[in-house]
Structures are given as structure tokens and as C-alpha cells.
>>> print(open('run-v1.cif').read())   # mmCIF, C-alpha atoms
data_start
#
loop_
_atom_site.label_atom_id
_atom_site.label_comp_id
_atom_site.auth_asym_id
_atom_site.auth_seq_id
_atom_site.Cartn_x
_atom_site.Cartn_y
_atom_site.Cartn_z
CA ASP W 14 -33.64 -73.47 139.89
CA ASP W 15 -34.36 -74.77 143.39
CA PRO W 16 -35.88 -78.29 143.07
CA THR W 17 -37.36 -78.05 146.58
CA ARG W 18 -39.85 -75.33 145.58
CA VAL W 19 -42.32 -74.59 142.81
CA THR W 20 -44.84 -71.86 142.02
CA LEU W 21 -48.19 -73.03 140.64
CA SER W 22 -50.57 -70.65 138.88
CA LEU W 23 -54.01 -70.66 137.28
CA TRP W 24 -55.48 -68.20 134.78
CA ALA W 25 -59.08 -67.80 135.94
CA PRO W 26 -60.82 -64.56 134.87
CA LEU W 27 -64.00 -63.64 136.76
CA LYS W 28 -63.28 -66.17 139.53
CA SER W 29 -63.08 -65.21 143.20
CA SER W 30 -61.06 -67.92 144.92
CA VAL W 31 -58.88 -70.93 144.18
CA TYR W 32 -57.63 -73.51 146.67
CA LEU W 33 -54.62 -75.70 145.89
CA ILE W 34 -55.12 -79.29 147.05
CA GLY W 35 -52.85 -82.29 146.62
CA ASP W 36 -50.37 -84.84 147.89
CA PHE W 37 -48.55 -82.09 149.81
CA ASN W 38 -51.53 -81.36 152.13
CA GLY W 39 -53.30 -84.70 152.32
CA TRP W 40 -55.94 -83.67 149.77
CA GLN W 41 -57.62 -81.41 152.30
CA ILE W 42 -59.15 -77.96 151.76
CA ASP W 43 -56.87 -75.82 153.88
CA ALA W 44 -56.84 -72.03 154.30
CA ALA W 45 -53.04 -72.14 154.16
CA TYR W 46 -53.36 -73.23 150.51
CA LEU W 47 -55.75 -70.49 149.39
CA MET W 48 -53.97 -69.13 146.32
CA LYS W 49 -53.02 -65.46 146.04
CA LYS W 50 -54.95 -63.41 143.48
CA ASP W 51 -53.09 -61.18 141.04
CA GLY W 52 -55.54 -59.72 138.50
CA GLU W 53 -56.90 -62.66 136.50
CA HIS W 54 -54.25 -65.06 137.81
CA PHE W 55 -54.03 -67.07 141.02
CA TRP W 56 -50.70 -68.37 142.31
CA LEU W 57 -49.03 -70.05 145.27
CA GLU W 58 -45.47 -71.15 146.02
CA LEU W 59 -44.81 -74.55 147.58
CA THR W 60 -41.60 -75.24 149.46
CA GLY W 61 -39.93 -78.21 151.13
CA LEU W 62 -40.48 -80.49 148.14
CA ALA W 63 -38.56 -83.70 147.47
CA PRO W 64 -36.64 -83.25 144.19
CA ALA W 65 -37.74 -85.55 141.34
CA GLU W 66 -40.82 -86.74 143.25
CA GLU W 67 -44.14 -86.58 141.42
CA TYR W 68 -46.83 -84.63 143.24
CA GLY W 69 -50.51 -84.81 142.31
CA TYR W 70 -52.71 -81.73 142.68
CA GLN W 71 -56.04 -80.15 141.79
CA TYR W 72 -57.58 -76.69 141.96
CA LEU W 73 -60.89 -75.97 143.72
CA VAL W 74 -62.32 -72.87 142.01
CA ASP W 75 -64.97 -70.75 143.75
CA GLU W 76 -65.43 -73.60 146.25
CA SER W 77 -67.42 -75.70 143.75
CA ILE W 78 -65.42 -76.46 140.59
CA TRP W 79 -62.73 -79.16 140.65
CA ILE W 80 -60.17 -79.00 137.84
CA ALA W 81 -56.65 -80.09 137.05
CA ASP W 82 -54.05 -77.63 135.79
CA PRO W 83 -54.63 -76.82 132.09
CA TYR W 84 -50.87 -76.40 131.58
CA ALA W 85 -49.78 -79.64 133.28
CA ASP W 86 -47.66 -81.98 131.16
CA LYS W 87 -49.04 -85.10 132.85
CA ILE W 88 -52.60 -85.89 133.96
CA LEU W 89 -53.83 -88.82 136.04
CA ASP W 90 -57.35 -90.26 135.99
CA PRO W 91 -58.93 -93.43 137.39
CA ASP W 92 -58.77 -95.14 133.96
CA ASP W 93 -54.97 -95.30 134.34
CA GLN W 94 -55.42 -98.65 136.08
CA PHE W 95 -56.10 -100.19 132.65
CA ILE W 96 -52.83 -99.01 131.07
CA PRO W 97 -50.40 -101.97 130.86
CA SER W 98 -47.17 -101.60 132.82
CA SER W 99 -45.35 -102.64 129.64
CA THR W 100 -46.61 -99.41 128.05
CA TYR W 101 -46.10 -97.11 131.04
CA PRO W 102 -43.79 -98.61 133.70
CA SER W 103 -44.10 -97.32 137.27
CA LEU W 104 -47.03 -95.03 136.51
CA LYS W 105 -48.02 -93.08 139.62
CA THR W 106 -51.14 -94.55 141.24
CA TYR W 107 -54.22 -92.35 141.13
CA PRO W 108 -54.56 -90.78 144.60
CA SER W 109 -57.68 -91.92 146.42
CA GLY W 110 -58.02 -88.52 148.09
CA ALA W 111 -58.72 -86.94 144.70
CA LEU W 112 -61.80 -89.04 143.92
CA HIS W 113 -65.09 -87.16 143.63
CA GLN W 114 -68.63 -88.24 142.88
CA SER W 115 -68.58 -86.84 139.34
CA SER W 116 -66.12 -88.50 136.95
CA ALA W 117 -65.51 -85.09 135.32
CA ASP W 118 -63.95 -83.93 138.61
CA ASN W 119 -61.45 -86.80 138.71
CA ARG W 120 -58.45 -85.42 136.83
CA VAL W 121 -55.22 -84.88 138.71
CA ALA W 122 -52.32 -82.79 137.45
CA ILE W 123 -48.71 -83.75 138.15
CA PHE W 124 -45.73 -81.53 138.82
CA GLN W 125 -42.21 -82.84 139.27
CA THR W 126 -39.13 -80.76 139.89
CA ASP W 127 -35.69 -81.93 138.76
CA GLN W 128 -37.13 -84.06 135.96
CA GLU W 129 -34.85 -86.26 133.89
CA ALA W 130 -34.24 -84.39 130.64
CA TYR W 131 -34.34 -86.31 127.38
CA ASP W 132 -30.91 -86.53 125.69
CA TRP W 133 -31.58 -85.75 122.03
CA GLN W 134 -29.34 -87.75 119.68
CA THR W 135 -30.31 -86.33 116.28
CA THR W 136 -29.48 -82.64 116.21
CA ASP W 137 -28.80 -82.11 112.50
CA PHE W 138 -32.15 -83.21 110.99
CA ILE W 139 -33.23 -81.32 107.88
CA LYS W 140 -36.94 -81.43 107.07
CA PRO W 141 -38.03 -82.66 103.62
CA LEU W 142 -39.18 -79.89 101.31
CA ARG W 143 -42.93 -79.33 101.45
CA GLU W 144 -43.34 -80.38 97.82
CA ASP W 145 -41.47 -83.63 98.51
CA LEU W 146 -43.52 -84.81 101.49
CA ILE W 147 -44.83 -88.38 101.42
CA VAL W 148 -46.91 -88.62 104.59
CA TYR W 149 -47.97 -91.76 106.44
CA GLU W 150 -50.93 -90.94 108.72
CA LEU W 151 -50.86 -93.18 111.75
CA LEU W 152 -53.14 -93.95 114.70
CA ILE W 153 -50.93 -95.74 117.20
CA ARG W 154 -53.84 -97.75 118.61
CA ASP W 155 -54.83 -99.30 115.27
CA TYR W 156 -51.38 -99.50 113.73
CA LEU W 157 -49.92 -101.60 116.54
CA GLY W 158 -52.93 -103.32 118.13
CA GLU W 159 -54.33 -103.16 121.63
CA ASN W 160 -51.55 -104.97 123.49
CA SER W 161 -48.56 -103.16 121.98
CA ALA W 162 -49.86 -99.67 121.20
CA ASN W 163 -47.00 -97.64 122.59
CA TYR W 164 -44.13 -95.43 121.46
CA ALA W 165 -41.47 -98.01 122.25
CA THR W 166 -43.04 -100.55 119.87
CA LEU W 167 -43.67 -97.85 117.29
CA ILE W 168 -39.95 -97.06 117.22
CA ASP W 169 -39.28 -100.70 116.27
CA THR W 170 -41.41 -100.29 113.12
CA LEU W 171 -39.71 -97.15 111.78
CA SER W 172 -37.49 -99.03 109.34
CA TYR W 173 -40.58 -100.72 107.90
CA ILE W 174 -42.31 -97.35 107.40
CA LYS W 175 -39.23 -95.84 105.82
CA GLY W 176 -39.05 -98.84 103.48
CA LEU W 177 -42.43 -97.86 102.06
CA GLY W 178 -40.84 -94.70 100.66
CA VAL W 179 -42.29 -92.46 103.35
CA ASN W 180 -40.43 -89.36 104.55
CA ALA W 181 -42.97 -88.03 107.09
CA ILE W 182 -45.20 -89.61 109.74
CA GLU W 183 -48.34 -87.83 110.90
CA LEU W 184 -49.45 -88.97 114.33
CA MET W 185 -53.17 -88.73 114.95
CA PRO W 186 -53.76 -86.72 118.16
CA ILE W 187 -51.85 -87.91 121.21
CA MET W 188 -52.56 -85.16 123.75
CA GLU W 189 -54.62 -86.20 126.80
CA PHE W 190 -58.06 -87.48 125.81
CA ASN W 191 -60.94 -89.08 127.71
CA GLY W 192 -60.42 -92.77 128.37
CA ASN W 193 -57.57 -94.86 126.97
CA ASP W 194 -59.13 -95.80 123.63
CA SER W 195 -59.66 -92.95 121.18
CA TRP W 196 -58.82 -91.45 117.81
CA GLY W 197 -57.70 -88.46 119.89
CA TYR W 198 -60.14 -85.86 118.60
CA ASN W 199 -61.65 -85.42 122.09
CA PRO W 200 -58.74 -83.61 123.77
CA THR W 201 -58.99 -82.44 127.37
CA PHE W 202 -55.49 -81.25 128.37
CA MET W 203 -53.49 -79.71 125.56
CA PHE W 204 -49.99 -79.88 127.07
CA ALA W 205 -50.09 -83.48 128.34
CA ALA W 206 -49.18 -86.48 126.19
CA ASP W 207 -51.79 -89.16 126.86
CA LYS W 208 -50.32 -91.94 129.01
CA ALA W 209 -52.13 -94.65 127.02
CA TYR W 210 -49.16 -94.67 124.60
CA GLY W 211 -46.36 -94.38 127.15
CA PRO W 212 -44.16 -91.83 128.95
CA LYS W 213 -43.37 -88.48 127.38
CA ASN W 214 -39.66 -89.29 127.01
CA ASP W 215 -40.64 -92.32 124.92
CA LEU W 216 -42.54 -89.94 122.65
CA LYS W 217 -39.42 -87.79 122.36
CA MET W 218 -37.38 -90.89 121.58
CA PHE W 219 -39.82 -91.74 118.78
CA VAL W 220 -39.43 -88.28 117.21
CA ASP W 221 -35.66 -88.48 117.68
CA SER W 222 -35.52 -91.94 116.08
CA ALA W 223 -37.65 -90.89 113.11
CA HIS W 224 -35.35 -87.91 112.55
CA HIS W 225 -32.35 -90.23 112.67
CA LEU W 226 -33.87 -92.15 109.75
CA GLY W 227 -34.57 -88.94 107.83
CA MET W 228 -38.33 -88.82 108.47
CA ALA W 229 -40.24 -85.77 109.69
CA VAL W 230 -42.94 -86.14 112.34
CA ILE W 231 -46.13 -84.09 112.04
CA LEU W 232 -48.66 -83.83 114.87
CA ASP W 233 -52.39 -83.86 114.18
CA MET W 234 -53.46 -80.88 116.31
CA VAL W 235 -57.06 -80.42 117.50
CA MET W 236 -57.84 -76.76 118.11
CA ASN W 237 -61.46 -76.55 117.03
CA GLN W 238 -62.85 -78.19 120.18
CA ASN W 239 -62.17 -79.62 123.62
CA ASP W 240 -64.08 -82.16 125.65
CA VAL W 241 -64.92 -81.81 129.35
CA PRO W 242 -63.03 -82.05 131.72
CA SER W 243 -60.99 -79.47 129.77
CA PRO W 244 -60.39 -76.93 132.58
CA TYR W 245 -61.08 -73.80 130.53
CA ALA W 246 -64.43 -75.23 129.46
CA LYS W 247 -65.27 -76.64 132.89
CA MET W 248 -64.61 -73.43 134.87
CA TYR W 249 -67.48 -71.70 133.03
CA PHE W 250 -69.99 -74.45 132.40
CA ASP W 251 -73.66 -75.25 133.04
CA GLY W 252 -74.05 -78.28 130.77
CA LYS W 253 -72.26 -76.32 128.05
CA PRO W 254 -69.89 -73.36 128.19
CA THR W 255 -71.54 -70.28 129.65
CA SER W 256 -71.72 -66.98 127.79
CA GLU W 257 -68.99 -65.53 130.06
CA ASN W 258 -66.45 -68.21 129.05
CA PRO W 259 -63.30 -66.43 127.79
CA TRP W 260 -62.16 -69.39 125.65
CA PHE W 261 -65.25 -71.26 124.40
CA ASN W 262 -68.46 -70.48 122.54
CA ARG W 263 -71.72 -71.36 124.22
CA GLU W 264 -73.07 -72.53 120.86
CA ALA W 265 -70.91 -73.78 118.01
CA ALA W 266 -70.54 -71.22 115.22
CA HIS W 267 -70.45 -73.83 112.44
CA PRO W 268 -71.84 -77.25 111.37
CA PHE W 269 -70.17 -80.59 112.13
CA ASN W 270 -68.92 -79.35 115.47
CA VAL W 271 -68.12 -81.98 118.10
CA PHE W 272 -67.74 -81.39 121.86
CA TYR W 273 -67.24 -77.70 122.81
CA ASP W 274 -66.36 -75.08 120.21
CA ILE W 275 -63.35 -72.81 120.80
CA ASN W 276 -63.66 -69.06 120.19
CA HIS W 277 -60.68 -68.24 117.96
CA GLU W 278 -61.26 -64.49 118.01
CA SER W 279 -60.82 -64.28 121.79
CA SER W 280 -57.50 -62.82 122.98
CA TYR W 281 -57.50 -65.49 125.70
CA THR W 282 -57.72 -68.23 123.09
CA LYS W 283 -54.97 -66.72 120.95
CA GLN W 284 -52.50 -66.71 123.84
CA TRP W 285 -53.49 -70.23 124.91
CA LEU W 286 -53.22 -71.77 121.43
CA ASP W 287 -49.98 -69.97 120.57
CA THR W 288 -48.44 -71.40 123.73
CA ILE W 289 -49.65 -74.90 122.82
CA ASN W 290 -48.14 -74.69 119.34
CA HIS W 291 -44.83 -73.42 120.69
CA TYR W 292 -44.72 -76.18 123.30
CA TRP W 293 -45.13 -79.17 120.97
CA LEU W 294 -42.75 -77.83 118.32
CA ASN W 295 -40.00 -76.97 120.81
CA GLU W 296 -40.38 -79.41 123.70
CA TYR W 297 -41.00 -82.48 121.52
CA ARG W 298 -39.38 -81.23 118.28
CA PHE W 299 -42.34 -82.04 116.07
CA ASP W 300 -41.82 -80.71 112.56
CA GLY W 301 -45.25 -79.19 112.09
CA PHE W 302 -48.97 -79.60 112.50
CA ARG W 303 -51.99 -80.82 110.61
CA PHE W 304 -54.81 -78.71 112.06
CA ASP W 305 -58.01 -80.71 112.35
CA LEU W 306 -61.23 -79.03 111.16
CA SER W 307 -59.49 -75.73 110.45
CA LYS W 308 -62.61 -74.52 108.63
CA GLY W 309 -64.17 -74.36 112.10
CA PHE W 310 -61.74 -71.63 113.20
CA THR W 311 -64.44 -69.00 112.67
CA GLN W 312 -66.88 -66.89 114.64
CA ARG W 313 -69.26 -66.36 111.72
CA ASN W 314 -72.50 -67.84 112.96
CA ASN W 315 -73.50 -70.51 110.42
CA PRO W 316 -74.36 -73.42 112.72
CA ASN W 317 -76.60 -75.27 110.26
CA ASP W 318 -75.67 -74.02 106.79
CA VAL W 319 -72.83 -76.07 105.35
CA ALA W 320 -72.69 -74.06 102.13
CA ALA W 321 -72.42 -70.76 103.99
CA TRP W 322 -69.74 -72.24 106.25
CA SER W 323 -67.69 -73.13 103.17
CA ASN W 324 -67.95 -69.68 101.60
CA TYR W 325 -65.08 -67.20 101.63
CA ASP W 326 -64.52 -66.04 105.23
CA GLY W 327 -62.13 -63.13 105.64
CA SER W 328 -62.13 -63.35 109.44
CA ARG W 329 -61.17 -67.04 109.28
CA ILE W 330 -58.31 -66.18 106.93
CA SER W 331 -57.08 -63.57 109.42
CA ILE W 332 -57.28 -66.05 112.30
CA LEU W 333 -55.23 -68.66 110.42
CA LYS W 334 -52.68 -66.15 109.11
CA ARG W 335 -52.13 -64.79 112.61
CA MET W 336 -51.69 -68.27 114.06
CA ALA W 337 -49.29 -69.41 111.32
CA THR W 338 -47.25 -66.22 111.68
CA ALA W 339 -46.91 -66.83 115.42
CA ILE W 340 -45.66 -70.38 114.69
CA TRP W 341 -43.13 -69.26 112.08
CA GLN W 342 -41.69 -66.62 114.40
CA HIS W 343 -40.17 -69.36 116.58
CA SER W 344 -40.19 -72.31 114.12
CA PRO W 345 -39.73 -70.78 110.64
CA ASP W 346 -39.62 -74.10 108.78
CA ALA W 347 -42.60 -75.75 110.53
CA TYR W 348 -45.23 -77.34 108.30
CA VAL W 349 -48.72 -75.85 108.70
CA ILE W 350 -51.30 -78.14 107.11
CA LEU W 351 -55.03 -77.38 107.17
CA GLU W 352 -58.05 -79.69 106.98
CA HIS W 353 -60.09 -76.96 105.34
CA PHE W 354 -62.36 -77.77 102.33
CA ALA W 355 -63.50 -74.15 101.86
CA GLU W 356 -64.04 -72.06 98.75
CA ASN W 357 -61.04 -72.20 96.42
CA SER W 358 -60.40 -68.45 96.62
CA GLU W 359 -59.94 -68.76 100.39
CA GLU W 360 -57.69 -71.79 100.11
CA LYS W 361 -55.58 -70.01 97.47
CA ILE W 362 -54.90 -67.13 99.87
CA LEU W 363 -53.92 -69.55 102.64
CA SER W 364 -51.71 -71.56 100.29
CA ASP W 365 -49.98 -68.45 98.93
CA PHE W 366 -49.31 -67.46 102.56
CA GLY W 367 -47.38 -70.72 103.09
CA MET W 368 -49.95 -73.13 104.49
CA MET W 369 -50.72 -76.50 102.91
CA LEU W 370 -54.19 -77.92 102.33
CA TRP W 371 -54.84 -81.48 103.51
#
>>> encode(input="run-v1.cif", output="C-alpha cells")
Amino acid sequence: DDPTRVTLSLWAPLKSSVYLIGDFNGWQIDAAYLMKKDGEHFWLELTGLAPAEEYGYQYLVDESIWIADPYADKILDPDDQFIPSSTYPSLKTYPSGALHQSSADNRVAIFQTDQEAYDWQTTDFIKPLREDLIVYELLIRDYLGENSANYATLIDTLSYIKGLGVNAIELMPIMEFNGNDSWGYNPTFMFAADKAYGPKNDLKMFVDSAHHLGMAVILDMVMNQNDVPSPYAKMYFDGKPTSENPWFNREAAHPFNVFYDINHESSYTKQWLDTINHYWLNEYRFDGFRFDLSKGFTQRNNPNDVAAWSNYDGSRISILKRMATAIWQHSPDAYVILEHFAENSEEKILSDFGMMLW
């Protein structure tokens, strides 16, 4: 509750040391900012902060691995210079002290105490019944064009979308991705809305405005893979995730994988993904998810056999049931939609459990 102090922490199993580096210490490696170790977690409290000021920071893990905070809600990178000020006014300038030789090391997390809370206007929205959904899938970049691809402009088109007879909008992935021009299926930071479409409160205003017009908003969620510089991939990485990585497979367990494959049977992954799902449903009030490549949520090793990958997979069913149950415990009416394309007997079990098949 004190806006002049904050405690930062990093979950880093098997790691020996973490330094905290940022605007608050001139981007210097300083023994005073060696984080305390508590089991698998590292933490450090900062004091004397200016309330409402944005501070950039990075972690230096084992004196060789530069990462940004995987739980940060805002990430800076050098490509920010190409985001128009009309899309993101007063965007914090990327700090020169954070630049490294490798572009994968150049992600900066932001923390800000005493943030301006969004004032939600629509508090009585009732979601359309699942069987009544008419979904408009939308990529902000292509829908609005290069020079106006932002949440503020998108809000201005909501009456047009509603006029089509639509009662739900599905946003293609908007969490932080590499570059500023993407479909969004190369996520890197799962809690940060990508700045290419505008500030996070503009995203909340879009959801709020859609609800005001009676339309649900579904988020296309990518949980099969991450791209580097995803911190949990990058901390255990030698060109691909190492065998000791608690979150990622060294080799993809299924065909058609892109980037780095997430291990959905790991207890580390379960906690991470459950937190992500809770965050977007509660912080941004999304009405549900469409899970991309949900057939990839498996540890059965069929990397080259598409037919085997599509066969009935009891472990995959258990993974998806567990994840959906965790969602419905805090958001009982959330839509859970799967991009699955597996054997009908498997899809029937998932459908009977309450999930929808995309």
C-alpha cells in the first residue's frame, strides 16, 4: 500500500544468483542489488520510489542471462520507436543503459506504483449463451490498417460490428510479441499487452465499450508455445530449451509446432498458465478464451506422426479438463474454446465437460 516501495521477485529454479538492474541504479551491476534467495524464488525490496513513475528494470541471472520480468504488465524494446504517438501517447523511451549486443537481451520490464486504475462503466453485462454466439474474429492490424491499428480506433467501429449481427468479438493474440507487426502467435511475455495497439487502459476501454453494446470479447490465447526472449525459455536455453527447463520441452512433442513447445504436464507450467488465465479474465474482463493449437497440449511424443497426434489422448484430456476447471473456479461462465481437430471421441468428452470446439 506504500507507493514509495515495491518488492520484485523472480521464480528461477536451479539458478544461483540474480541481480536487479534498472533506472533506480543507473543500469549498473551492483552488489547492493543482488536479490535474496528463498528456495526457488529470488526477491528484493526497493524503497524511496516516486509514486506513479515508471521504472524500467531487468534481471541478470547467473551473471550471464539477461531477461525481463515474466510477470511484468508492460515491456519495452528498441522497436518501440516505430510505434506512432497517436497509438501510444507518451510511451516511455527505451533506456540506453539496457542495450546489449544480442537483440534477445533487449527487453525491459516496467513497474509503476500508484497506477491510474481504469474506471469500468459497464458492470451489469450478461454474456450471450454459448449456443447463441456469433463470433467475429479480428486481427487489429489488418482490420484497421497500418496507420490506425489501435484500440481507440477499434472502439469507433463497434457499432459497425454490432450491425453485422455479431454478439462476440474474438481478438487474435494481443499479448507482447516480437516486433510490432504480427498475427500474435509468437508471444514472449504473457501478462503484457503489446504496445503496438496502445495502452492497457485503452484495451480495457475497448472491452468495456463492447460490453456496453451487448457484445462479449474473447481472447485468442497462445499456450502451446513461446518465442525467445520469453524469460522462462531463455533462462534455460542453448539454442533451444535445455533438458532442465521446468516449463519448456527441449523437443516439441507433436507436429506443426512453432517456436518453443510448452510442457503442459509440468507443475511449474500449470501454475504459470493458471495465473495467466486468471489475469486476463479478471484484470481485463475478457469473457473467455479461444486456445490456439490446443491439440498440442500433450506430452505424448509424436513429433512427426500427424495421425498419431490426432488419436485419442487421455493425458491431453486430463490437461485440458484441469485447466478448464481452474478457470471456472474463479470465472464460472467463461467461454473455453479449443482449436483441437482430434479424434471425435476425444472432442466429445471435452464438449460434454463444457468446452467448445473451434
>>> closest_residue(input="run-v1.cif", among="W:Phe190, W:Phe354, W:Phe366, W:Phe37", to="Lys334 (chain W)", atoms="all atoms listed in the file")
W:Phe366
>>> residues_near_point(input="run-v1.cif", point="(-44.6, -73.9, 120.6)", cutoff="12 Å", atoms="all atoms listed in the file", output="MDAnalysis selection string")
chainID W and resid 203:204 284:302 336:337 339:345 347
>>> atom_distance(input="run-v1.cif", atom1="CA of Tyr32 (chain W)", atom2="CA of Gln71 (chain W)")
8.4 Å
>>> atom_distance(input="run-v1.cif", atom1="CA of Ile80 (chain W)", atom2="CA of Ala122 (chain W)")
8.7 Å
>>> closest_residue(input="run-v1.cif", among="W:Val19, W:Leu216, W:Leu27, W:Ala44", to="Trp56 (chain W)", atoms="all atoms listed in the file")
W:Val19
>>> resolve_selection(input="run-v1.cif", expression="the PyMOL selection byres ((chain W and resi 241) around 10)", output="ChimeraX atom specification")
/W:117-118,190-191,199-202,239-240,242-247,250,252-254,272-273
>>> write_last_selection(input="run-v1.cif", atoms="C-alpha atoms", output="CSV table (one decimal), keeping the file's coordinate frame")
chain,number,residue,atom,x,y,z
W,117,ALA,CA,-65.5,-85.1,135.3
W,118,ASP,CA,-64.0,-83.9,138.6
W,190,PHE,CA,-58.1,-87.5,125.8
W,191,ASN,CA,-60.9,-89.1,127.7
W,199,ASN,CA,-61.6,-85.4,122.1
W,200,PRO,CA,-58.7,-83.6,123.8
W,201,THR,CA,-59.0,-82.4,127.4
W,202,PHE,CA,-55.5,-81.2,128.4
W,239,ASN,CA,-62.2,-79.6,123.6
W,240,ASP,CA,-64.1,-82.2,125.6
W,242,PRO,CA,-63.0,-82.0,131.7
W,243,SER,CA,-61.0,-79.5,129.8
W,244,PRO,CA,-60.4,-76.9,132.6
W,245,TYR,CA,-61.1,-73.8,130.5
W,246,ALA,CA,-64.4,-75.2,129.5
W,247,LYS,CA,-65.3,-76.6,132.9
W,250,PHE,CA,-70.0,-74.4,132.4
W,252,GLY,CA,-74.0,-78.3,130.8
W,253,LYS,CA,-72.3,-76.3,128.0
W,254,PRO,CA,-69.9,-73.4,128.2
W,272,PHE,CA,-67.7,-81.4,121.9
W,273,TYR,CA,-67.2,-77.7,122.8
>>> closest_residue(input="run-v1.cif", among="W:Leu33, W:Asn237, W:Ser279, W:Arg143", to="Glu257 (chain W)", atoms="all atoms listed in the file")
W:Ser279
>>> closest_residue(input="run-v1.cif", among="W:Asp51, W:His267, W:Ser307, W:Val74", to="Ala320 (chain W)", atoms="all atoms listed in the file")
W:His267
>>> residues_around(input="run-v1.cif", residues="region 166-176 of chain W", least_positions_apart="5", cutoff="10 Å", atoms="only C-alpha atoms", output="CSV table (one decimal) with C-alpha atoms, in the coordinates of the input")
chain,number,residue,atom,x,y,z
W,100,THR,CA,-46.6,-99.4,128.0
W,149,TYR,CA,-48.0,-91.8,106.4
W,153,ILE,CA,-50.9,-95.7,117.2
W,156,TYR,CA,-51.4,-99.5,113.7
W,157,LEU,CA,-49.9,-101.6,116.5
W,161,SER,CA,-48.6,-103.2,122.0
W,181,ALA,CA,-43.0,-88.0,107.1
W,182,ILE,CA,-45.2,-89.6,109.7
W,210,TYR,CA,-49.2,-94.7,124.6
W,215,ASP,CA,-40.6,-92.3,124.9
W,216,LEU,CA,-42.5,-89.9,122.6
W,218,MET,CA,-37.4,-90.9,121.6
W,219,PHE,CA,-39.8,-91.7,118.8
W,220,VAL,CA,-39.4,-88.3,117.2
W,221,ASP,CA,-35.7,-88.5,117.7
W,222,SER,CA,-35.5,-91.9,116.1
W,223,ALA,CA,-37.6,-90.9,113.1
W,226,LEU,CA,-33.9,-92.2,109.8
W,227,GLY,CA,-34.6,-88.9,107.8
W,228,MET,CA,-38.3,-88.8,108.5
>>> atom_distance(input="run-v1.cif", atom1="CA of Glu66 (chain W)", atom2="CA of Asp43 (chain W)")
22.1 Å
>>> closest_residue(input="run-v1.cif", among="W:Arg329, W:His54, W:His224, W:Lys87", to="Ala205 (chain W)", atoms="only C-alpha atoms")
W:Lys87
>>> resolve_selection(input="run-v1.cif", expression="the PyMOL selection byres ((chain W and resi 58) around 10)", output="MDAnalysis selection string")
chainID W and resid 18:22 46 48:49 56:57 59:60
>>> resolve_selection(input="run-v1.cif", expression="the PyMOL selection byres ((chain W and resi 101) around 9)", output="PyMOL selection string")
chain W and resi 96-100+102-104+163+208-212
>>> closest_residue(input="run-v1.cif", among="W:Asp365, W:Glu360, W:Asp346, W:Asp233", to="Phe138 (chain W)", atoms="all atoms listed in the file")
W:Asp346
>>> residues_around(input="run-v1.cif", residues="Met369 (chain W)", least_positions_apart="2", cutoff="8 Å", atoms="all atoms listed in the file", output="PyMOL selection string")
chain W and resi 348-351+363-364+367+371
>>> residues_around(input="run-v1.cif", residues="Arg120 (chain W)", least_positions_apart="5", cutoff="7 Å", atoms="only C-alpha atoms", output="list in words")
Ile80, Ala81, Ile88, Leu89 and Asp90 of chain W
>>> residues_near_point(input="run-v1.cif", point="(-37.5, -88.5, 140.1)", cutoff="9 Å", atoms="all atoms listed in the file", output="list of chain:residue names")
W:Ala63, W:Pro64, W:Ala65, W:Glu66, W:Glu67, W:Gln125, W:Thr126, W:Asp127, W:Gln128, W:Glu129
